$ cat data-v6.cif   # mmCIF, C-alpha atoms
data_final
loop_
_atom_site.group_PDB
_atom_site.id
_atom_site.type_symbol
_atom_site.label_atom_id
_atom_site.label_comp_id
_atom_site.auth_asym_id
_atom_site.auth_seq_id
_atom_site.Cartn_x
_atom_site.Cartn_y
_atom_site.Cartn_z
ATOM 1 C CA MET A 1 91.220 83.063 74.764
ATOM 2 C CA THR A 2 91.031 85.310 77.845
ATOM 3 C CA LYS A 3 90.779 88.420 75.681
ATOM 4 C CA VAL A 4 87.911 86.901 73.698
ATOM 5 C CA LEU A 5 86.052 85.934 76.872
ATOM 6 C CA LEU A 6 86.627 89.353 78.422
ATOM 7 C CA SER A 7 85.411 91.045 75.246
ATOM 8 C CA LEU A 8 82.271 88.892 75.207
ATOM 9 C CA HIS A 9 81.692 89.608 78.906
ATOM 10 C CA VAL A 10 81.954 93.382 78.435
ATOM 11 C CA LEU A 11 79.825 93.346 75.271
ATOM 12 C CA ALA A 12 77.153 91.251 76.969
ATOM 13 C CA ALA A 13 77.125 93.658 79.922
ATOM 14 C CA LEU A 14 76.778 96.696 77.672
ATOM 15 C CA LEU A 15 74.179 95.199 75.363
ATOM 16 C CA ALA A 16 72.083 93.377 77.987
ATOM 17 C CA VAL A 17 72.332 95.238 81.279
ATOM 18 C CA GLY A 18 72.325 98.694 79.696
ATOM 19 C CA PRO A 19 68.898 98.374 78.052
ATOM 20 C CA VAL A 20 67.383 96.854 81.205
ATOM 21 C CA ALA A 21 68.752 99.690 83.322
ATOM 22 C CA VAL A 22 67.388 102.337 80.959
ATOM 23 C CA ALA A 23 63.982 100.721 80.337
ATOM 24 C CA ALA A 24 63.437 99.895 84.009
ATOM 25 C CA SER A 25 64.367 103.468 84.942
ATOM 26 C CA MET A 26 61.892 104.894 82.437
ATOM 27 C CA PHE A 27 59.043 102.641 83.586
ATOM 28 C CA PRO A 28 58.014 104.476 86.822
ATOM 29 C CA ALA A 29 57.764 107.901 85.166
ATOM 30 C CA THR A 30 55.803 106.399 82.298
ATOM 31 C CA LEU A 31 53.563 104.647 84.832
ATOM 32 C CA ARG A 32 52.751 108.044 86.357
ATOM 33 C CA ARG A 33 51.843 109.370 82.905
ATOM 34 C CA ALA A 34 49.742 106.284 82.187
ATOM 35 C CA ALA A 35 47.645 106.981 85.276
ATOM 36 C CA ALA A 36 46.576 110.250 83.669
ATOM 37 C CA ASP A 37 46.562 108.950 80.088
ATOM 38 C CA GLY A 38 44.490 105.784 80.585
ATOM 39 C CA GLU A 39 44.853 103.413 77.641
ATOM 40 C CA GLY A 40 46.752 105.903 75.522
ATOM 41 C CA THR A 41 50.333 106.140 74.365
ATOM 42 C CA ALA A 42 51.793 105.810 77.852
ATOM 43 C CA ARG A 43 50.244 102.327 78.294
ATOM 44 C CA THR A 44 51.739 101.231 74.984
ATOM 45 C CA THR A 45 55.116 102.595 76.065
ATOM 46 C CA LEU A 46 54.824 100.717 79.374
ATOM 47 C CA ARG A 47 54.278 97.443 77.527
ATOM 48 C CA THR A 48 57.308 98.121 75.342
ATOM 49 C CA LEU A 49 59.530 99.034 78.304
ATOM 50 C CA HIS A 50 58.451 95.895 80.153
ATOM 51 C CA ARG A 51 59.170 93.738 77.101
ATOM 52 C CA VAL A 52 62.651 95.277 76.830
ATOM 53 C CA CYS A 53 63.275 94.527 80.517
ATOM 54 C CA ARG A 54 62.082 90.916 80.210
ATOM 55 C CA VAL A 55 63.907 90.071 77.008
ATOM 56 C CA TYR A 56 67.204 91.714 77.910
ATOM 57 C CA ALA A 57 67.086 90.249 81.424
ATOM 58 C CA GLY A 58 67.092 86.845 79.733
ATOM 59 C CA VAL A 59 69.984 87.839 77.494
ATOM 60 C CA GLY A 60 71.734 89.232 80.592
ATOM 61 C CA VAL A 61 72.337 85.696 81.864
ATOM 62 C CA ALA A 62 75.280 85.702 79.459
ATOM 63 C CA VAL A 63 77.032 88.411 81.501
ATOM 64 C CA PRO A 64 77.879 86.310 84.572
ATOM 65 C CA LEU A 65 78.500 83.227 82.429
ATOM 66 C CA PHE A 66 81.142 85.017 80.362
ATOM 67 C CA GLY A 67 82.379 86.690 83.538
ATOM 68 C CA LEU A 68 82.938 83.388 85.315
ATOM 69 C CA ALA A 69 84.670 81.961 82.252
ATOM 70 C CA THR A 70 86.914 85.032 82.097
ATOM 71 C CA ALA A 71 87.676 84.844 85.834
ATOM 72 C CA GLY A 72 88.541 81.171 85.479
ATOM 73 C CA SER A 73 90.952 81.850 82.644
ATOM 74 C CA LEU A 74 92.558 84.676 84.653
ATOM 75 C CA GLY A 75 92.804 82.518 87.780
ATOM 76 C CA VAL A 76 90.961 85.019 90.003
ATOM 77 C CA LEU A 77 87.917 82.957 91.012
ATOM 78 C CA GLY A 78 88.816 83.165 94.710
ATOM 79 C CA ASP A 79 89.605 86.896 94.815
ATOM 80 C CA GLY A 80 87.531 88.994 97.172
ATOM 81 C CA TRP A 81 86.612 91.630 94.592
ATOM 82 C CA LEU A 82 85.233 88.931 92.301
ATOM 83 C CA ILE A 83 83.261 87.204 95.049
ATOM 84 C CA THR A 84 81.812 90.590 96.043
ATOM 85 C CA SER A 85 80.920 91.238 92.399
ATOM 86 C CA ILE A 86 79.190 87.862 92.180
ATOM 87 C CA VAL A 87 77.156 88.581 95.326
ATOM 88 C CA LEU A 88 76.173 92.049 94.038
ATOM 89 C CA THR A 89 75.269 90.611 90.635
ATOM 90 C CA ALA A 90 73.104 87.949 92.283
ATOM 91 C CA ALA A 91 71.417 90.645 94.380
ATOM 92 C CA ALA A 92 70.718 92.749 91.276
ATOM 93 C CA ALA A 93 69.341 89.727 89.408
ATOM 94 C CA ALA A 94 67.123 88.773 92.359
ATOM 95 C CA LEU A 95 65.846 92.333 92.677
ATOM 96 C CA LEU A 96 64.978 92.393 88.987
ATOM 97 C CA ALA A 97 63.424 88.924 88.860
ATOM 98 C CA LEU A 98 61.588 88.966 92.192
ATOM 99 C CA LEU A 99 60.511 92.578 92.620
ATOM 100 C CA ILE A 100 60.910 94.806 89.562
ATOM 101 C CA LEU A 101 59.579 92.567 86.777
ATOM 102 C CA PRO A 102 56.611 91.292 88.854
ATOM 103 C CA ALA A 103 55.742 94.895 89.805
ATOM 104 C CA GLN A 104 55.824 95.831 86.130
ATOM 105 C CA ASP A 105 53.564 92.848 85.382
ATOM 106 C CA ARG A 106 51.086 93.977 88.041
ATOM 107 C CA ALA A 107 51.179 97.539 86.743
ATOM 108 C CA LEU A 108 50.292 96.319 83.260
ATOM 109 C CA ALA A 109 47.637 93.861 84.408
ATOM 110 C CA THR A 110 45.227 96.354 85.923
ATOM 111 C CA ALA A 111 44.289 99.952 85.355
ATOM 112 C CA PRO A 112 44.568 101.929 87.495
ATOM 113 C CA SER A 113 47.834 100.344 88.533
ATOM 114 C CA PRO A 114 48.148 98.991 92.071
ATOM 115 C CA VAL A 115 51.908 99.619 91.888
ATOM 116 C CA ALA A 116 53.350 102.730 93.512
ATOM 117 C CA PRO A 117 55.613 104.393 90.926
ATOM 118 C CA GLY A 118 57.818 105.823 93.678
ATOM 119 C CA ARG A 119 58.541 102.400 95.163
ATOM 120 C CA LEU A 120 59.267 100.976 91.727
ATOM 121 C CA ALA A 121 61.605 103.902 91.001
ATOM 122 C CA MET A 122 63.432 103.222 94.279
ATOM 123 C CA LEU A 123 63.834 99.519 93.484
ATOM 124 C CA THR A 124 65.123 100.370 90.031
ATOM 125 C CA GLY A 125 67.564 102.867 91.514
ATOM 126 C CA VAL A 126 68.933 100.202 93.851
ATOM 127 C CA PHE A 127 69.223 97.802 90.882
ATOM 128 C CA ASN A 128 71.219 100.412 88.969
ATOM 129 C CA LEU A 129 73.439 101.186 91.976
ATOM 130 C CA LEU A 130 74.241 97.486 92.364
ATOM 131 C CA TRP A 131 75.350 97.334 88.734
ATOM 132 C CA ALA A 132 77.365 100.527 89.153
ATOM 133 C CA ALA A 133 79.167 98.966 92.137
ATOM 134 C CA VAL A 134 79.895 95.816 90.120
ATOM 135 C CA THR A 135 81.253 97.943 87.276
ATOM 136 C CA VAL A 136 83.561 99.847 89.629
ATOM 137 C CA LEU A 137 84.812 96.575 91.137
ATOM 138 C CA MET A 138 85.493 95.203 87.649
ATOM 139 C CA ILE A 139 87.552 98.274 86.772
ATOM 140 C CA VAL A 140 89.377 98.851 90.068
ATOM 141 C CA ARG A 141 89.915 95.193 91.016
ATOM 142 C CA PRO A 142 91.335 95.649 94.517
ATOM 143 C CA GLY A 143 94.651 93.887 94.826
ATOM 144 C CA SER A 144 95.244 93.965 91.091
ATOM 145 C CA THR A 145 98.855 93.708 90.031
ATOM 146 C CA THR A 146 98.276 95.503 86.728
ATOM 147 C CA GLY A 147 98.419 98.944 88.313
ATOM 148 C CA ALA A 148 95.313 99.955 86.364
#
$ encode --input "data-v6.cif" --output "structure tokens"
Amino acid sequence: MTKVLLSLHVLAALLAVGPVAVAASMFPATLRRAAADGEGTARTTLRTLHRVCRVYAGVGVAVPLFGLATAGSLGVLGDGWLITSIVLTAAAAALLALLILPAQDRALATAPSPVAPGRLAMLTGVFNLLWAAVTVLMIVRPGSTTGA
């Protein structure tokens, strides 16, 4: 059962977090183009990128759920690397839900956009770095006895 849960956890991370990371990263540059383009193709692309971020953020809830189930079956729920991963995951989720998605909403609501593309790019970069740190922790697992 642990292998099934781990497989579902990794698949959910790849299929949910990956698209959010890519779409959110593309949004600021497209926002800059939209400022010059007006209601053209760039605005349509912005709406699509935002929809990808919103939908896959919802699907991304499966990642920590499968992760916690996997950790429970492995008996590592109290390990420091896992607790750190949980905190970093919560920080990434909060950043996405409280800052990135609302900024994208505001950018789409009015033209010209009141959102600074540079600030949004920075927030998205921090979001991606948090997920990179979680990924490294999941692979390295300090204190692991597997030697991997």
$ resolve_selection --input "data-v6.cif" --expression "the PyMOL selection byres ((chain A and resi 104) around 12)" --output "VMD selection string"
chain A and resid 23 to 28 30 to 31 43 46 to 54 96 to 103 105 to 110 113 to 117 119 to 121 123 to 124
$ residues_around --input "data-v6.cif" --residues "Ser85 (chain A)" --least-positions-apart "4" --cutoff "9 Å" --atoms "only C-alpha atoms" --output "list in words"
Gly80, Trp81, Thr89, Ala90, Ala133, Val134, Thr135, Leu137 and Met138 of chain A
$ residues_around --input "data-v6.cif" --residues "Pro112 (chain A)" --least-positions-apart "4" --cutoff "9 Å" --atoms "only C-alpha atoms" --output "PDB file with C-alpha atoms, keeping the file's coordinate frame"
ATOM      1  CA  ALA A  34      49.742 106.284  82.187  1.00  0.00           C
ATOM      2  CA  ALA A  35      47.645 106.981  85.276  1.00  0.00           C
ATOM      3  CA  GLY A  38      44.490 105.784  80.585  1.00  0.00           C
ATOM      4  CA  ALA A 107      51.179  97.539  86.743  1.00  0.00           C
TER       5      ALA A 107
END
$ closest_residue --input "data-v6.cif" --among "A:Met1, A:Val59, A:Gly67, A:Thr41" --to "Gly18 (chain A)" --atoms "all atoms listed in the file"
A:Val59
$ closest_residue --input "data-v6.cif" --among "A:Ala42, A:Val22, A:Ala91, A:Val10" --to "Leu65 (chain A)" --atoms "all atoms listed in the file"
A:Val10
$ atom_distance --input "data-v6.cif" --atom1 "CA of Ala12 (chain A)" --atom2 "CA of Trp131 (chain A)"
13.4 Å
$ atom_distance --input "data-v6.cif" --atom1 "CA of Pro64 (chain A)" --atom2 "CA of Ala93 (chain A)"
10.4 Å
$ closest_residue --input "data-v6.cif" --among "A:Ala71, A:Val63, A:Leu88, A:Ile139" --to "Leu15 (chain A)" --atoms "all atoms listed in the file"
A:Val63
$ decode --input "data-v6.cif" --residues "region 45-69 of chain A" --atoms "C-alpha atoms" --output "short mmCIF file (atom, residue, chain, number, x, y, z; two decimals), in the first residue's frame"
data_model
loop_
_atom_site.label_atom_id
_atom_site.label_comp_id
_atom_site.auth_asym_id
_atom_site.auth_seq_id
_atom_site.Cartn_x
_atom_site.Cartn_y
_atom_site.Cartn_z
CA THR A 45 -3.28 34.17 -22.54
CA LEU A 46 -3.42 35.80 -19.09
CA ARG A 47 -6.93 34.45 -18.55
CA THR A 48 -5.81 30.98 -19.59
CA LEU A 49 -2.73 31.05 -17.34
CA HIS A 50 -4.84 32.20 -14.40
CA ARG A 51 -7.38 29.44 -15.01
CA VAL A 52 -4.57 26.86 -15.08
CA CYS A 53 -3.24 28.22 -11.77
CA ARG A 54 -6.68 28.17 -10.12
CA VAL A 55 -7.74 24.74 -11.31
CA TYR A 56 -4.45 22.98 -10.66
CA ALA A 57 -4.11 24.67 -7.26
CA GLY A 58 -7.37 22.95 -6.35
CA VAL A 59 -6.10 19.62 -7.67
CA GLY A 60 -2.85 20.26 -5.77
CA VAL A 61 -4.64 19.65 -2.47
CA ALA A 62 -4.16 15.97 -3.27
CA VAL A 63 -0.37 16.32 -2.95
CA PRO A 64 -0.20 16.85 0.83
CA LEU A 65 -3.10 14.46 1.41
CA PHE A 66 -1.30 11.61 -0.36
CA GLY A 67 1.94 12.76 1.26
CA LEU A 68 0.51 12.53 4.77
CA ALA A 69 -0.97 9.12 4.00
#
